[in-house]
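Asks: Sharing model07.csv, CSV, C-alpha atoms and all ligand atoms:
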```
chain,number,residue,atom,x,y,z
G,1,MET,CA,-12.6,18.7,8.7
G,2,LYS,CA,-13.5,16.1,11.2
G,3,ARG,CA,-10.5,14.1,12.6
G,4,GLY,CA,-11.5,10.8,14.1
G,5,TYR,CA,-10.1,7.5,15.1
G,6,VAL,CA,-6.7,7.7,13.4
G,7,MET,CA,-5.7,10.8,15.2
G,8,GLU,CA,-6.6,9.2,18.6
G,9,CYS,CA,-4.2,6.4,17.7
G,10,ARG,CA,-1.3,8.8,17.4
G,11,GLU,CA,-1.3,9.1,21.1
G,12,ILE,CA,-0.7,5.4,21.7
G,13,ASP,CA,1.8,5.2,18.8
G,14,ILE,CA,0.3,2.0,17.4
G,15,TYR,CA,-1.8,1.2,14.4
G,16,GLY,CA,-1.8,-2.4,13.6
G,17,TYR,CA,-4.2,-4.9,12.1
G,18,GLU,CA,-6.7,-4.9,15.0
G,19,GLU,CA,-6.9,-1.1,14.9
G,20,MET,CA,-7.5,-1.1,11.1
G,21,HIS,CA,-10.2,-3.9,11.5
G,22,ASP,CA,-12.0,-1.9,14.2
G,23,HIS,CA,-11.7,1.3,12.2
G,24,LEU,CA,-13.2,-0.3,9.1
G,25,SER,CA,-16.1,-1.7,11.1
G,26,THR,CA,-16.9,1.7,12.5
G,27,LEU,CA,-16.7,3.4,9.1
G,28,SER,CA,-18.9,0.8,7.3
G,29,THR,CA,-21.6,1.2,10.0
G,30,GLN,CA,-21.3,5.0,9.7
G,31,TYR,CA,-21.2,5.1,5.8
G,32,PRO,CA,-23.5,2.7,3.9
G,33,ILE,CA,-21.7,3.4,0.6
G,34,LEU,CA,-18.6,1.7,2.0
G,35,HIS,CA,-18.2,-2.0,1.2
G,36,VAL,CA,-15.7,-4.1,3.0
G,37,GLU,CA,-14.7,-7.6,1.9
G,38,SER,CA,-11.7,-9.8,1.9
G,39,ILE,CA,-9.5,-10.7,-1.0
G,40,GLY,CA,-7.7,-13.6,0.7
G,41,SER,CA,-5.9,-14.4,3.9
G,42,SER,CA,-2.4,-13.9,5.3
G,43,VAL,CA,-0.1,-16.8,6.3
G,44,LEU,CA,-1.5,-16.6,9.8
G,45,GLY,CA,-5.1,-16.5,8.6
G,46,ARG,CA,-5.8,-12.8,8.9
G,47,PRO,CA,-8.3,-11.6,6.2
G,48,ILE,CA,-6.8,-9.1,3.8
G,49,GLN,CA,-9.5,-6.5,3.7
G,50,VAL,CA,-10.5,-4.4,0.7
G,51,VAL,CA,-12.6,-1.3,0.8
G,52,GLN,CA,-14.8,-0.4,-2.2
G,53,MET,CA,-16.4,3.0,-2.7
G,54,GLY,CA,-17.5,5.0,-5.7
G,55,VAL,CA,-19.7,4.1,-8.7
G,56,GLY,CA,-17.8,5.5,-11.7
G,57,GLU,CA,-16.3,3.7,-14.7
G,58,ARG,CA,-12.6,4.2,-14.0
G,59,LYS,CA,-11.4,1.5,-11.6
G,60,ILE,CA,-8.6,2.5,-9.4
G,61,HIS,CA,-6.7,0.4,-6.9
G,62,ILE,CA,-4.6,1.8,-4.0
G,63,ASN,CA,-2.8,-0.4,-1.5
G,64,ALA,CA,-0.6,0.2,1.5
G,65,ALA,CA,1.7,-1.7,3.9
G,66,PHE,CA,3.2,-4.2,1.4
G,67,HIS,CA,6.3,-3.7,3.6
G,68,ALA,CA,5.8,-4.4,7.3
G,69,ASN,CA,7.9,-1.5,8.7
G,70,GLU,CA,6.2,0.9,6.4
G,71,TRP,CA,2.9,0.4,8.3
G,72,ILE,CA,2.3,4.2,8.7
G,73,THR,CA,0.9,3.9,5.1
G,74,THR,CA,-2.1,2.1,6.6
G,75,PRO,CA,-3.4,4.8,8.9
G,76,LEU,CA,-2.6,7.4,6.2
G,77,LEU,CA,-4.8,5.5,3.7
G,78,MET,CA,-7.4,4.9,6.3
G,79,GLN,CA,-7.5,8.6,7.1
G,80,PHE,CA,-7.9,9.3,3.4
G,81,ILE,CA,-10.8,6.8,3.2
G,82,GLU,CA,-12.5,8.5,6.2
G,83,ASP,CA,-12.0,12.0,4.8
G,84,CYS,CA,-13.4,10.9,1.3
G,85,LEU,CA,-16.5,9.4,3.0
G,86,HIS,CA,-17.0,12.5,5.1
G,87,CYS,CA,-16.8,14.9,2.2
G,88,ASN,CA,-18.9,12.6,0.0
G,89,THR,CA,-21.6,12.9,2.6
G,90,THR,CA,-21.4,16.6,3.4
G,91,GLY,CA,-20.4,17.9,-0.1
G,92,GLU,CA,-17.3,19.6,1.3
G,93,GLN,CA,-14.2,19.7,-0.8
G,94,LEU,CA,-11.0,17.9,0.1
G,95,TYR,CA,-8.0,20.0,-0.7
G,96,GLY,CA,-10.0,21.7,-3.4
G,97,TYR,CA,-11.2,18.5,-5.0
G,98,ASP,CA,-14.9,17.7,-5.4
G,99,VAL,CA,-15.1,14.2,-3.8
G,100,GLN,CA,-18.7,13.6,-4.7
G,101,ALA,CA,-17.8,14.2,-8.4
G,102,LEU,CA,-14.7,12.0,-8.1
G,103,LEU,CA,-16.7,9.1,-6.6
G,104,ALA,CA,-19.3,9.5,-9.4
G,105,GLU,CA,-16.5,9.1,-12.0
G,106,ALA,CA,-14.4,6.4,-10.4
G,107,GLU,CA,-14.7,3.2,-8.5
G,108,LEU,CA,-12.0,2.9,-5.8
G,109,TRP,CA,-10.7,-0.4,-4.4
G,110,LEU,CA,-8.4,0.1,-1.5
G,111,VAL,CA,-6.4,-2.4,0.4
G,112,PRO,CA,-5.0,-0.6,3.5
G,113,MET,CA,-2.8,-3.5,4.7
G,114,VAL,CA,-1.4,-6.0,2.3
G,115,ASN,CA,0.9,-7.6,4.9
G,116,PRO,CA,-1.0,-7.9,8.2
G,117,ASP,CA,1.2,-10.5,9.8
G,118,GLY,CA,4.4,-8.5,9.1
G,119,VAL,CA,2.8,-5.3,10.4
G,120,GLU,CA,1.7,-7.0,13.6
G,121,LEU,CA,5.2,-8.3,14.1
G,122,VAL,CA,6.7,-4.8,13.8
G,123,VAL,CA,4.2,-3.1,16.0
G,124,ARG,CA,3.5,-5.8,18.6
G,125,GLY,CA,6.5,-8.2,18.5
G,126,ARG,CA,6.8,-12.0,17.9
G,127,GLU,CA,5.0,-12.9,21.1
G,128,THR,CA,1.7,-12.6,19.2
G,129,ILE,CA,2.7,-15.6,17.0
G,130,SER,CA,1.1,-18.6,18.6
G,131,ASP,CA,3.1,-21.3,16.6
G,132,LYS,CA,6.3,-21.8,18.7
G,133,GLN,CA,8.4,-23.0,15.7
G,134,LEU,CA,7.5,-20.0,13.6
G,135,ARG,CA,8.1,-17.7,16.6
G,136,GLU,CA,11.7,-19.1,16.9
G,137,ALA,CA,12.2,-19.0,13.1
G,138,VAL,CA,11.3,-15.3,12.9
G,139,PHE,CA,13.8,-14.5,15.7
G,140,ASN,CA,16.5,-16.4,13.8
G,141,TRP,CA,15.7,-14.8,10.4
G,142,ASN,CA,16.0,-11.5,12.2
G,143,GLU,CA,19.5,-12.3,13.1
G,144,GLN,CA,18.5,-13.3,16.6
G,145,SER,CA,17.2,-9.9,17.5
G,146,ASP,CA,13.8,-8.9,18.8
G,147,ASP,CA,14.1,-5.5,17.3
G,148,TYR,CA,11.8,-5.8,14.3
G,149,THR,CA,12.0,-2.1,13.1
G,150,GLY,CA,13.9,-3.3,10.0
G,151,TRP,CA,11.4,-6.0,9.1
G,152,LYS,CA,9.9,-5.6,5.6
G,153,ALA,CA,8.9,-9.1,4.8
G,154,ASN,CA,5.8,-11.2,5.5
G,155,ILE,CA,5.9,-13.6,8.5
G,156,ARG,CA,7.7,-16.3,6.5
G,157,GLY,CA,10.6,-13.9,5.7
G,158,VAL,CA,9.6,-13.3,2.1
G,159,ASP,CA,9.6,-9.7,0.7
G,160,LEU,CA,6.2,-9.4,-0.9
G,161,ASN,CA,7.2,-6.7,-3.2
G,162,ASP,CA,9.9,-9.0,-4.7
G,163,GLN,CA,7.4,-11.7,-5.4
G,164,PHE,CA,6.0,-10.7,-8.8
G,165,PRO,CA,6.7,-12.5,-12.1
G,166,ALA,CA,8.4,-9.5,-13.8
G,167,PHE,CA,12.0,-10.5,-14.3
G,168,TRP,CA,11.8,-12.1,-10.9
G,169,GLU,CA,15.0,-14.2,-11.4
G,170,VAL,CA,16.9,-11.0,-12.2
G,171,GLU,CA,15.8,-9.4,-9.0
G,172,CYS,CA,16.8,-12.5,-7.0
G,173,GLU,CA,20.3,-12.3,-8.3
G,174,ARG,CA,20.5,-8.6,-7.6
G,175,ARG,CA,19.3,-9.1,-4.0
G,176,THR,CA,21.7,-12.0,-3.2
G,177,VAL,CA,19.5,-13.1,-0.3
G,178,SER,CA,19.1,-16.8,-0.5
G,179,GLY,CA,16.7,-17.6,2.3
G,180,PRO,CA,14.0,-16.1,4.6
G,181,SER,CA,15.1,-12.8,6.0
G,182,SER,CA,13.7,-9.5,7.4
G,183,ARG,CA,14.0,-8.1,3.9
G,184,ASP,CA,15.0,-8.6,0.2
G,185,TYR,CA,14.2,-12.3,-0.1
G,186,GLY,CA,11.9,-12.9,-3.0
G,187,GLY,CA,10.9,-16.5,-2.1
G,188,ASN,CA,11.9,-19.7,-4.0
G,189,ALA,CA,9.5,-18.8,-6.9
G,190,PRO,CA,7.2,-15.9,-7.8
G,191,LEU,CA,3.9,-15.7,-6.0
G,192,THR,CA,4.5,-18.4,-3.4
G,193,GLU,CA,3.1,-16.2,-0.6
G,194,PRO,CA,-0.7,-16.0,0.1
G,195,GLU,CA,-0.6,-12.2,0.4
G,196,ALA,CA,1.2,-11.6,-3.0
G,197,LYS,CA,-1.1,-14.3,-4.6
G,198,ALA,CA,-4.2,-12.6,-3.2
G,199,ILE,CA,-3.2,-9.1,-4.6
G,200,ALA,CA,-2.2,-10.6,-8.0
G,201,ALA,CA,-5.5,-12.5,-8.4
G,202,PHE,CA,-7.5,-9.5,-7.3
G,203,THR,CA,-5.7,-7.2,-9.7
G,204,GLN,CA,-6.2,-9.6,-12.6
G,205,LYS,CA,-9.9,-10.1,-11.8
G,206,GLU,CA,-10.8,-6.4,-11.4
G,207,GLU,CA,-8.8,-5.1,-14.4
G,208,PHE,CA,-7.9,-1.8,-12.9
G,209,ASP,CA,-7.2,1.3,-15.0
G,210,VAL,CA,-4.6,2.6,-12.5
G,211,VAL,CA,-2.8,1.1,-9.5
G,212,ILE,CA,-0.9,2.9,-6.7
G,213,ALA,CA,1.2,1.2,-4.1
G,214,LEU,CA,2.1,3.3,-1.0
G,215,HIS,CA,5.5,2.8,0.6
G,216,THR,CA,7.9,4.9,2.7
G,217,GLN,CA,10.2,6.7,2.5
G,218,GLY,CA,11.8,9.3,0.1
G,219,LYS,CA,9.0,11.6,-1.3
G,220,GLU,CA,9.3,10.0,-4.7
G,221,ILE,CA,7.0,8.7,-7.4
G,222,TYR,CA,8.1,5.7,-9.5
G,223,TRP,CA,6.2,5.4,-12.7
G,224,ASN,CA,8.1,3.4,-15.3
G,225,TYR,CA,9.1,-0.2,-15.9
G,226,ARG,CA,11.5,-1.4,-18.6
G,227,ASP,CA,9.9,1.0,-21.2
G,228,LEU,CA,6.7,-1.0,-21.0
G,229,GLU,CA,4.7,1.9,-19.5
G,230,CYS,CA,2.1,3.7,-21.5
G,231,PRO,CA,3.1,6.9,-23.4
G,232,HIS,CA,1.4,9.3,-21.0
G,233,ALA,CA,2.7,7.7,-17.8
G,234,GLU,CA,5.4,10.3,-17.4
G,235,ALA,CA,3.1,13.3,-17.8
G,236,TYR,CA,0.7,11.6,-15.4
G,237,ALA,CA,3.5,11.2,-12.8
G,238,ASN,CA,4.6,14.8,-13.3
G,239,ARG,CA,1.1,16.0,-12.5
G,240,LEU,CA,1.2,13.9,-9.3
G,241,ALA,CA,4.6,15.4,-8.5
G,242,GLN,CA,3.3,18.9,-9.1
G,243,VAL,CA,0.4,18.6,-6.6
G,244,SER,CA,2.4,16.7,-3.9
G,245,GLY,CA,5.8,18.3,-4.1
G,246,TYR,CA,7.3,14.8,-4.5
G,247,ALA,CA,9.8,14.0,-7.3
G,248,ALA,CA,8.8,11.8,-10.3
G,249,ILE,CA,11.7,9.4,-10.8
G,250,LYS,CA,12.5,7.2,-13.7
G,251,LEU,CA,13.8,4.1,-12.1
G,252,THR,CA,16.1,1.4,-13.6
G,253,GLY,CA,17.7,-1.7,-12.1
G,254,SER,CA,14.6,-2.9,-10.2
G,255,ASP,CA,12.3,-5.8,-10.9
G,256,ALA,CA,9.7,-8.1,-9.5
G,257,GLY,CA,7.7,-5.4,-7.7
G,258,TYR,CA,3.9,-5.1,-7.8
G,259,LYS,CA,3.8,-2.0,-10.0
G,260,ASP,CA,6.4,-3.5,-12.4
G,261,TRP,CA,4.3,-6.6,-12.9
G,262,PHE,CA,1.1,-4.5,-13.4
G,263,ILE,CA,2.8,-2.3,-16.0
G,264,GLN,CA,4.3,-5.3,-17.8
G,265,GLU,CA,1.0,-7.2,-17.9
G,266,THR,CA,-1.4,-4.3,-18.8
G,267,GLY,CA,0.6,-1.4,-20.1
G,268,ARG,CA,-1.6,0.8,-17.9
G,269,PRO,CA,-0.3,3.4,-15.3
G,270,GLY,CA,1.1,1.9,-12.1
G,271,PHE,CA,2.9,3.8,-9.4
G,272,THR,CA,4.9,3.2,-6.4
G,273,ILE,CA,4.8,6.2,-4.0
G,274,GLU,CA,7.5,6.6,-1.4
G,275,LEU,CA,5.8,8.7,1.3
G,276,GLY,CA,7.6,10.9,3.8
G,277,GLU,CA,11.2,11.3,4.8
G,278,GLY,CA,13.4,9.7,7.5
G,279,VAL,CA,14.2,6.2,8.8
G,280,ASN,CA,11.6,3.4,8.6
G,281,PRO,CA,9.4,2.9,10.4
G,282,LEU,CA,8.4,6.5,10.3
G,283,PRO,CA,6.8,7.6,13.6
G,284,ILE,CA,3.1,8.0,13.5
G,285,SER,CA,3.5,11.6,14.4
G,286,ASP,CA,4.8,12.1,10.8
G,287,MET,CA,1.3,11.5,9.6
G,288,GLN,CA,0.4,15.2,10.0
G,289,ASP,CA,3.2,16.3,7.6
G,290,ILE,CA,2.7,13.5,5.1
G,291,TYR,CA,-1.1,13.4,4.9
G,292,PRO,CA,-1.9,16.6,2.9
G,293,ASN,CA,0.6,15.9,0.2
G,294,MET,CA,-0.4,12.3,-0.1
G,295,ALA,CA,-4.1,13.2,-0.2
G,296,ARG,CA,-3.5,15.8,-3.0
G,297,LEU,CA,-1.5,13.2,-4.9
G,298,LEU,CA,-4.2,10.5,-4.6
G,299,LEU,CA,-7.1,12.9,-5.4
G,300,GLU,CA,-5.2,14.1,-8.5
G,301,ALA,CA,-4.5,10.4,-9.5
G,302,ILE,CA,-8.2,9.6,-9.1
G,303,SER,CA,-9.4,12.7,-11.0
G,304,ARG,CA,-8.2,11.6,-14.5
G,305,SER,CA,-5.6,9.4,-16.1
G,306,GLU,CA,-5.5,10.8,-19.6
G,307,PRO,CA,-3.3,13.7,-20.6
G,308,GLN,CA,-5.0,17.0,-20.6
G,309,VAL,CA,-6.0,18.1,-24.2
G,310,GLY,CA,-5.3,21.6,-25.4
T,1,ZN,ZN,8.4,-0.4,0.6
```
Please lay out the structure from this file as structure tokens.
Replies:
Amino acid sequence: MKRGYVMECREIDIYGYEEMHDHLSTLSTQYPILHVESIGSSVLGRPIQVVQMGVGERKIHINAAFHANEWITTPLLMQFIEDCLHCNTTGEQLYGYDVQALLAEAELWLVPMVNPDGVELVVRGRETISDKQLREAVFNWNEQSDDYTGWKANIRGVDLNDQFPAFWEVECERRTVSGPSSRDYGGNAPLTEPEAKAIAAFTQKEEFDVVIALHTQGKEIYWNYRDLECPHAEAYANRLAQVSGYAAIKLTGSDAGYKDWFIQETGRPGFTIELGEGVNPLPISDMQDIYPNMARLLLEAISRSEPQVG
């Protein structure tokens, strides 16, 4: 298997928005079946890019880097995209899965970086913010520290995965964070932030059969929400657990997340996957360990959503 751009980046230890943007340009030149467009813009005006490939009927959405300091999910998903494109061209299998067949049965819509401004803050620091007032505010919201390794939020200090209208008020009370912060502040109302708004509108428009949000860390698969999930969600999650070695977890006491909202609105399968193990941000050198399990999990998720008959 060819290992391209992402692995080169491991040596410089950085994979931010610019790297993803360049990587996508290279891939779309190399592989005409890849379509790259934008679903909206971040607070600082960075296009939130979506990649589309496959021609099948089942529509599947996978996103990464909702949380800024979980940015390793971006190069992991980009590597997956690159490997799928490569195998689709050559006919090679990927971890035993027939990628050509999968892309004939499914249409994939992948957003490798939901929170570009937050990721850039974590990997490059606040000096890249041109607005002086915002640059100062970010420093203050981060308790006057320039160590952004704990920063999960978008650039306005709102946690994008606490922004969805699924018992949002309950989550706000639980979090007890009343203003912009590096993490856990859900905003003053649901869907106030352009990144969350863009993902919500895109999800409603495309009517996905399955959605998967990639986070770190814990090697866990969250699959339920307030008993609103479909009857086969647990079996589906168990299958993903089996191929990845991750644990399928029935979660309670958590609201306002993207997958919560998706399950509540549609009743279709929605997953949060906690990749890897350790302290966020996981070092990019962890990619090698995480990648094979993540790839198997995603390939299995893409391969079918219905329970096996017989
Ligand atoms: Zn997360």
Asks: At a cut-off of 10 Å and counting all atoms listed in the file, what residues surround ligand ZN 1 (chain T)? Please answer as a VMD selection string.
Replies: chain G and resid 64 to 71 73 152 to 153 159 to 161 213 to 217 257 272 to 275 280
Asks: For Gln52 (chain G), which residue out of G:Ile39, G:Trp109, G:His21, G:Thr90 is the nearest one, using only C-alpha atoms?
Replies: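 For Gln52 (chain G), the nearest of the given residues is G:Trp109.
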Asks: If we count only C-alpha atoms, what is near Pro269 (chain G) at a cut-off of 8 Å, once residues fewer than 6 positions away on the same chain are taken out, given as a PyMOL selection string?
Replies: chain G and resi 209-211+223+229-230+233+263
Asks: With a distance cut-off of 10 Å and all atoms listed in the file, select the neighbouring residues of Lys59 (chain G), excluding the residue or stretch itself and same-chain residues fewer than 2 positions from it, and output the selection as a ChimeraX atom specification.
Replies: /G:54-57,61,105-109,206-211,302
Asks: Expressed in Å to a single decimal, how great is the separation between CA of Glu277 (chain G) and CA of Ile290 (chain G)?
Replies: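 CA of Ile290 (chain G) lies 8.8 Å from CA of Glu277 (chain G).
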Asks: What does the distance from CA of Gly16 (chain G) to CA of Glu120 (chain G) come to in Å, to one decimal?
Replies: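 Answer for the CA of Gly16 (chain G) to CA of Glu120 (chain G) separation: 5.8 Å.
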Asks: With distances taken over only C-alpha atoms, which residue among G:Ile72, G:Glu171, G:Glu127, G:Ile48 lies nearest Pro283 (chain G)?
Replies: G:Ile72
